[in-house]
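Containing PDB, C-alpha atoms: input.pdb.
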```pdb
MODEL        1
ATOM      1  CA  MET B   1       0.000   0.000   0.000
ATOM      2  CA  ARG B   2       1.346   3.431  -0.957
ATOM      3  CA  VAL B   3       0.050   6.284   1.217
ATOM      4  CA  LEU B   4       0.341  10.028   0.724
ATOM      5  CA  GLY B   5       0.399  11.589   4.185
ATOM      6  CA  ILE B   6      -0.337  15.286   4.527
ATOM      7  CA  ASP B   7       0.318  17.789   7.302
ATOM      8  CA  PRO B   8      -2.075  20.624   6.386
ATOM      9  CA  GLY B   9      -1.055  24.232   6.699
ATOM     10  CA  THR B  10      -2.113  27.520   5.182
ATOM     11  CA  GLN B  11       1.476  28.711   4.675
ATOM     12  CA  VAL B  12       3.335  25.398   4.411
ATOM     13  CA  MET B  13       1.837  21.981   3.710
ATOM     14  CA  GLY B  14       4.043  18.971   4.371
ATOM     15  CA  TYR B  15       3.683  15.771   2.396
ATOM     16  CA  GLY B  16       5.244  12.349   2.679
ATOM     17  CA  ILE B  17       4.829   9.127   0.765
ATOM     18  CA  VAL B  18       5.291   5.807   2.563
ATOM     19  CA  GLU B  19       4.896   2.373   1.065
ATOM     20  CA  GLU B  20       4.222  -0.802   3.001
ATOM     21  CA  ASP B  21       5.256  -4.076   1.414
ATOM     22  CA  LYS B  22       5.089  -7.377   3.317
ATOM     23  CA  GLY B  23       5.203  -5.608   6.672
ATOM     24  CA  GLU B  24       8.146  -3.349   5.748
ATOM     25  CA  LEU B  25       7.792   0.422   5.594
ATOM     26  CA  GLY B  26       9.599   2.264   2.826
ATOM     27  CA  HIS B  27      10.215   5.981   2.355
ATOM     28  CA  ILE B  28       9.255   7.005  -1.186
ATOM     29  CA  GLY B  29       9.458  10.787  -0.925
ATOM     30  CA  ASP B  30       8.605  13.887   1.069
ATOM     31  CA  GLY B  31       8.585  17.642   0.822
ATOM     32  CA  ILE B  32       6.572  20.782   1.321
ATOM     33  CA  ILE B  33       4.193  22.837  -0.762
ATOM     34  CA  SER B  34       4.401  26.551   0.045
ATOM     35  CA  PRO B  35       2.646  28.741  -2.511
ATOM     36  CA  PRO B  36       2.861  32.536  -2.297
ATOM     37  CA  GLY B  37       0.046  35.064  -2.250
ATOM     38  CA  GLU B  38      -3.127  35.694  -0.346
ATOM     39  CA  LEU B  39      -5.246  32.807   0.939
ATOM     40  CA  PRO B  40      -7.273  32.208  -2.265
ATOM     41  CA  GLU B  41      -4.083  32.025  -4.358
ATOM     42  CA  ARG B  42      -2.406  29.808  -1.766
ATOM     43  CA  LEU B  43      -5.389  27.433  -1.738
ATOM     44  CA  LYS B  44      -5.165  27.103  -5.517
ATOM     45  CA  GLY B  45      -1.391  26.596  -5.244
ATOM     46  CA  LEU B  46      -1.893  23.890  -2.604
ATOM     47  CA  TYR B  47      -4.455  22.144  -4.819
ATOM     48  CA  ASP B  48      -2.213  22.279  -7.889
ATOM     49  CA  GLY B  49       0.793  21.142  -5.839
ATOM     50  CA  LEU B  50      -1.129  18.189  -4.397
ATOM     51  CA  LEU B  51      -2.280  17.098  -7.844
ATOM     52  CA  GLU B  52       1.354  17.178  -8.998
ATOM     53  CA  VAL B  53       2.473  15.113  -5.979
ATOM     54  CA  ILE B  54      -0.300  12.591  -6.702
ATOM     55  CA  ARG B  55       0.707  12.377 -10.382
ATOM     56  CA  THR B  56       4.378  11.988  -9.470
ATOM     57  CA  TYR B  57       4.079   9.350  -6.737
ATOM     58  CA  SER B  58       0.814   7.513  -7.592
ATOM     59  CA  PRO B  59      -0.417   6.886  -4.028
ATOM     60  CA  GLU B  60      -3.309   4.525  -3.421
ATOM     61  CA  VAL B  61      -4.797   6.589  -0.605
ATOM     62  CA  VAL B  62      -4.476  10.024   1.016
ATOM     63  CA  ALA B  63      -4.288  10.480   4.786
ATOM     64  CA  MET B  64      -4.155  13.832   6.551
ATOM     65  CA  GLU B  65      -3.870  15.171  10.024
ATOM     66  CA  SER B  66      -7.171  16.730  11.026
ATOM     67  CA  PRO B  67      -7.015  20.352  12.135
ATOM     68  CA  PHE B  68      -6.761  20.834  15.853
ATOM     69  CA  PHE B  69      -9.000  23.419  17.448
ATOM     70  CA  SER B  70      -7.127  26.429  18.673
ATOM     71  CA  LYS B  71      -8.114  29.589  20.456
ATOM     72  CA  ASN B  72      -7.789  31.449  17.155
ATOM     73  CA  VAL B  73     -11.056  30.715  15.333
ATOM     74  CA  LEU B  74      -9.835  32.315  12.085
ATOM     75  CA  SER B  75      -6.808  29.986  11.950
ATOM     76  CA  THR B  76      -9.048  26.979  12.556
ATOM     77  CA  LEU B  77     -11.379  28.051   9.738
ATOM     78  CA  LYS B  78      -8.463  28.509   7.348
ATOM     79  CA  LEU B  79      -7.154  25.032   8.199
ATOM     80  CA  GLY B  80     -10.636  23.692   7.458
ATOM     81  CA  GLN B  81     -10.428  25.297   4.017
ATOM     82  CA  VAL B  82      -7.066  23.628   3.451
ATOM     83  CA  GLN B  83      -8.585  20.303   4.497
ATOM     84  CA  GLY B  84     -11.329  20.872   1.900
ATOM     85  CA  VAL B  85      -8.658  21.416  -0.755
ATOM     86  CA  ILE B  86      -7.025  18.122   0.244
ATOM     87  CA  PHE B  87     -10.343  16.251   0.045
ATOM     88  CA  LEU B  88     -11.008  17.826  -3.360
ATOM     89  CA  ALA B  89      -7.573  16.882  -4.753
ATOM     90  CA  ALA B  90      -7.960  13.303  -3.466
ATOM     91  CA  THR B  91     -11.487  12.970  -4.851
ATOM     92  CA  HIS B  92     -10.470  14.538  -8.168
ATOM     93  CA  SER B  93      -7.742  11.874  -8.368
ATOM     94  CA  SER B  94     -10.199   9.057  -7.454
ATOM     95  CA  LEU B  95      -8.401   8.371  -4.161
ATOM     96  CA  ALA B  96      -9.968   7.585  -0.803
ATOM     97  CA  SER B  97      -9.027  10.046   1.917
ATOM     98  CA  PHE B  98      -8.759   9.600   5.661
ATOM     99  CA  SER B  99      -8.221  11.954   8.563
ATOM    100  CA  TYR B 100      -6.470  11.370  11.887
ATOM    101  CA  THR B 101      -6.176  13.560  14.955
ATOM    102  CA  PRO B 102      -2.713  14.671  16.080
ATOM    103  CA  MET B 103      -3.075  12.415  19.129
ATOM    104  CA  GLU B 104      -3.899   9.378  16.957
ATOM    105  CA  VAL B 105      -0.854  10.050  14.766
ATOM    106  CA  LYS B 106       1.514  10.483  17.702
ATOM    107  CA  SER B 107       0.154   7.380  19.428
ATOM    108  CA  ALA B 108       0.573   5.277  16.269
ATOM    109  CA  VAL B 109       4.140   6.435  15.627
ATOM    110  CA  VAL B 110       5.642   7.189  19.033
ATOM    111  CA  GLY B 111       3.288   5.303  21.342
ATOM    112  CA  TYR B 112       2.437   8.456  23.271
ATOM    113  CA  GLY B 113      -0.305  10.865  22.153
ATOM    114  CA  ARG B 114       1.351  13.942  23.626
ATOM    115  CA  ALA B 115       4.812  13.397  22.122
ATOM    116  CA  ALA B 116       6.758  16.475  21.014
ATOM    117  CA  LYS B 117       7.294  17.164  17.296
ATOM    118  CA  GLY B 118      10.994  16.357  17.659
ATOM    119  CA  GLN B 119      10.172  12.941  19.120
ATOM    120  CA  VAL B 120       7.825  12.245  16.205
ATOM    121  CA  ARG B 121      10.517  13.242  13.713
ATOM    122  CA  GLU B 122      13.123  10.977  15.315
ATOM    123  CA  MET B 123      10.753   7.996  15.405
ATOM    124  CA  VAL B 124       9.746   8.563  11.763
ATOM    125  CA  LYS B 125      13.427   8.597  10.793
ATOM    126  CA  ARG B 126      13.992   5.341  12.704
ATOM    127  CA  LEU B 127      10.929   3.600  11.285
ATOM    128  CA  LEU B 128      11.873   4.573   7.731
ATOM    129  CA  GLY B 129      15.651   4.192   8.116
ATOM    130  CA  LEU B 130      16.366   7.814   7.192
ATOM    131  CA  ASP B 131      19.657   9.552   7.881
ATOM    132  CA  GLN B 132      19.000  12.823   6.052
ATOM    133  CA  PRO B 133      17.580  15.958   7.659
ATOM    134  CA  LEU B 134      13.788  16.083   7.680
ATOM    135  CA  SER B 135      11.636  19.188   8.116
ATOM    136  CA  LEU B 136       8.983  19.059  10.837
ATOM    137  CA  ASP B 137       6.245  19.508   8.202
ATOM    138  CA  ALA B 138       7.519  16.562   6.144
ATOM    139  CA  SER B 139       8.095  14.354   9.210
ATOM    140  CA  ASP B 140       4.553  15.060  10.434
ATOM    141  CA  ALA B 141       3.207  14.107   6.996
ATOM    142  CA  LEU B 142       5.244  10.892   6.965
ATOM    143  CA  ALA B 143       3.915  10.156  10.467
ATOM    144  CA  VAL B 144       0.343  10.509   9.177
ATOM    145  CA  ALA B 145       1.100   8.040   6.366
ATOM    146  CA  ILE B 146       2.599   5.568   8.869
ATOM    147  CA  CYS B 147      -0.428   6.026  11.141
ATOM    148  CA  HIS B 148      -2.762   5.178   8.275
ATOM    149  CA  ILE B 149      -0.786   2.083   7.324
ATOM    150  CA  HIS B 150      -0.881   0.801  10.904
ATOM    151  CA  THR B 151      -4.553   1.705  11.340
ATOM    152  CA  ALA B 152      -5.635   0.164   8.034
ATOM    153  CA  GLU B 153      -3.726  -3.014   8.896
ATOM    154  CA  LEU B 154      -5.462  -3.275  12.273
ATOM    155  CA  LYS B 155      -8.895  -2.614  10.761
ATOM    156  CA  GLN B 156      -8.306  -5.265   8.099
ATOM    157  CA  ARG B 157      -7.149  -7.795  10.683
ATOM    158  CA  TYR B 158     -10.191  -7.001  12.839
ATOM    159  CA  GLN B 159     -12.553  -7.508   9.891
ATOM    160  CA  ASN B 160     -10.852 -10.730   8.817
ATOM    161  CA  GLU B 161     -10.221 -12.338  12.193
ATOM    162  CA  ILE B 162     -12.592 -10.946  14.817
ATOM    163  CA  LEU B 163     -15.843 -10.162  13.038
ATOM    164  CA  PRO B 164     -16.345 -13.581  11.395
ATOM    165  CA  HIS B 165     -16.122 -15.255  14.829
ATOM    166  CA  GLN B 166     -18.595 -13.020  16.628
ATOM    167  CA  ALA B 167     -22.090 -14.259  17.254
ATOM    168  CA  PRO B 168     -24.718 -12.317  15.332
ATOM    169  CA  ARG B 169     -26.551  -9.633  17.318
ATOM    170  CA  ARG B 170     -30.247 -10.082  17.951
TER     171      ARG B 170
ENDMDL
END
```
Would you mind giving the structure from this file in structure tokens?
Amino acid sequence: MRVLGIDPGTQVMGYGIVEEDKGELGHIGDGIISPPGELPERLKGLYDGLLEVIRTYSPEVVAMESPFFSKNVLSTLKLGQVQGVIFLAATHSSLASFSYTPMEVKSAVVGYGRAAKGQVREMVKRLLGLDQPLSLDASDALAVAICHIHTAELKQRYQNEILPHQAPRR
């Protein structure tokens, strides 16, 4: 499974592509999309950039970190618009999209939902065998992709192993 993970942002959007093959995680690519201009131009730039990333790396699914709610309502609304752009780019490319909270991502990668960004980056580098420097935006995006791979694997195992053995509900 090849997953495009996305760390949404209105100024800088991180992306990372992780592939899982026979239980092994592989780093395919990562980077940032940072278009200039006012918000409407940036949203279009983010959309165009995502479509280019999708064309370049051919992911099977898109996973993003859901916006956290902050005290600044305007920032939260802008992040919601960015999330809409991500959903649109995924749908336009006929890809399923999933969303995970920051706590879910950190728990899946580090094992602790309140881990610091630096801890997430170091664990991502270990899990993917990376030696090169990695921006926080790209490492967060790679963490989202890893989270989806682990979550999808658990859901599949649950459906295959647990559900068939449960007694039907009455």
Name all residues at most 10 Å from range 105-108 of chain B (count all atoms listed in the file; drop same-chain ones fewer than 6 positions away) and give them as a list in words. Met64, Glu65, Ser66, Ser99, Arg114, Ala115, Ala116, Lys117, Gln119, Val120, Met123, Asp140, Ala141, Leu142, Ala143, Val144, Ala145, Ile146, Cys147, His148, Ile149, His150 and Thr151 of chain B
Any chance you could resolve the PyMOL selection byres ((chain B and resi 87-89) around 12) against this file and give the residues as a PDB file with C-alpha atoms, in the coordinates of the input?
```
ATOM      1  CA  LEU B   4       0.341  10.028   0.724  1.00  0.00           C
ATOM      2  CA  ILE B   6      -0.337  15.286   4.527  1.00  0.00           C
ATOM      3  CA  PRO B   8      -2.075  20.624   6.386  1.00  0.00           C
ATOM      4  CA  LEU B  43      -5.389  27.433  -1.738  1.00  0.00           C
ATOM      5  CA  LYS B  44      -5.165  27.103  -5.517  1.00  0.00           C
ATOM      6  CA  GLY B  45      -1.391  26.596  -5.244  1.00  0.00           C
ATOM      7  CA  LEU B  46      -1.893  23.890  -2.604  1.00  0.00           C
ATOM      8  CA  TYR B  47      -4.455  22.144  -4.819  1.00  0.00           C
ATOM      9  CA  ASP B  48      -2.213  22.279  -7.889  1.00  0.00           C
ATOM     10  CA  GLY B  49       0.793  21.142  -5.839  1.00  0.00           C
ATOM     11  CA  LEU B  50      -1.129  18.189  -4.397  1.00  0.00           C
ATOM     12  CA  LEU B  51      -2.280  17.098  -7.844  1.00  0.00           C
ATOM     13  CA  GLU B  52       1.354  17.178  -8.998  1.00  0.00           C
ATOM     14  CA  VAL B  53       2.473  15.113  -5.979  1.00  0.00           C
ATOM     15  CA  ILE B  54      -0.300  12.591  -6.702  1.00  0.00           C
ATOM     16  CA  ARG B  55       0.707  12.377 -10.382  1.00  0.00           C
ATOM     17  CA  VAL B  61      -4.797   6.589  -0.605  1.00  0.00           C
ATOM     18  CA  VAL B  62      -4.476  10.024   1.016  1.00  0.00           C
ATOM     19  CA  ALA B  63      -4.288  10.480   4.786  1.00  0.00           C
ATOM     20  CA  MET B  64      -4.155  13.832   6.551  1.00  0.00           C
ATOM     21  CA  GLU B  65      -3.870  15.171  10.024  1.00  0.00           C
ATOM     22  CA  SER B  66      -7.171  16.730  11.026  1.00  0.00           C
ATOM     23  CA  GLY B  80     -10.636  23.692   7.458  1.00  0.00           C
ATOM     24  CA  GLN B  81     -10.428  25.297   4.017  1.00  0.00           C
ATOM     25  CA  VAL B  82      -7.066  23.628   3.451  1.00  0.00           C
ATOM     26  CA  GLN B  83      -8.585  20.303   4.497  1.00  0.00           C
ATOM     27  CA  GLY B  84     -11.329  20.872   1.900  1.00  0.00           C
ATOM     28  CA  VAL B  85      -8.658  21.416  -0.755  1.00  0.00           C
ATOM     29  CA  ILE B  86      -7.025  18.122   0.244  1.00  0.00           C
ATOM     30  CA  ALA B  90      -7.960  13.303  -3.466  1.00  0.00           C
ATOM     31  CA  THR B  91     -11.487  12.970  -4.851  1.00  0.00           C
ATOM     32  CA  HIS B  92     -10.470  14.538  -8.168  1.00  0.00           C
ATOM     33  CA  SER B  93      -7.742  11.874  -8.368  1.00  0.00           C
ATOM     34  CA  SER B  94     -10.199   9.057  -7.454  1.00  0.00           C
ATOM     35  CA  LEU B  95      -8.401   8.371  -4.161  1.00  0.00           C
ATOM     36  CA  ALA B  96      -9.968   7.585  -0.803  1.00  0.00           C
ATOM     37  CA  SER B  97      -9.027  10.046   1.917  1.00  0.00           C
ATOM     38  CA  PHE B  98      -8.759   9.600   5.661  1.00  0.00           C
ATOM     39  CA  SER B  99      -8.221  11.954   8.563  1.00  0.00           C
TER      40      SER B  99
END
```
Taking all atoms of range 87-99 of chain B that the file lists, what box with edges along x, y and z, padded by 5 Å per side, do you get, with centre and edge lengths in Å to one decimal, as lines of an AutoDock Vina configuration file?
```
center_x = -9.5
center_y = 12.7
center_z = 0.1
size_x = 13.9
size_y = 20.2
size_z = 26.9
```
Residue nearest Val110 in chain B among B:Glu122, B:Asp7, B:Glu20, B:Glu60 (counting only C-alpha atoms):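 Among B:Glu122, B:Asp7, B:Glu20, B:Glu60, it is B:Glu122 that comes nearest to Val110 in chain B.
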Residue IDs satisfying the PyMOL selection byres ((chain B and resi 132-135) around 10), as a PyMOL selection string: chain B and resi 14+30-32+118+121-122+124-125+129-131+136-141
Separation of CA of Gly5 in chain B from CA of Ile17 in chain B in Å: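 The value is 6.1 Å.
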Got a sec to resolve the PyMOL selection byres ((chain B and resi 19) around 8) on this structure and send the residues as number ranges by chain? B: 1-3, 17-18, 20-21, 25-28
Hey, can you check how far CA of Leu77 in chain B sits from CA of Gly9 in chain B?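 Straight-line distance from CA of Leu77 in chain B to CA of Gly9 in chain B works out to 11.4 Å.
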Å distance separating CA of Pro59 in chain B from CA of Glu38 in chain B, one decimal place: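 Atom-to-atom, CA of Pro59 in chain B and CA of Glu38 in chain B are spaced 29.2 Å apart.
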Which residue of B:Tyr112, B:Lys22, B:Gly29, B:Thr10 approaches Pro67 in chain B most closely, using only C-alpha atoms: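 So, comparing all the options, the nearest one is B:Thr10.
If you measure from each of B:Glu24, B:Ser34, B:Thr56, B:Lys78 to Leu127 in chain B using all atoms listed in the file, the closest one turns out to be B:Glu24.
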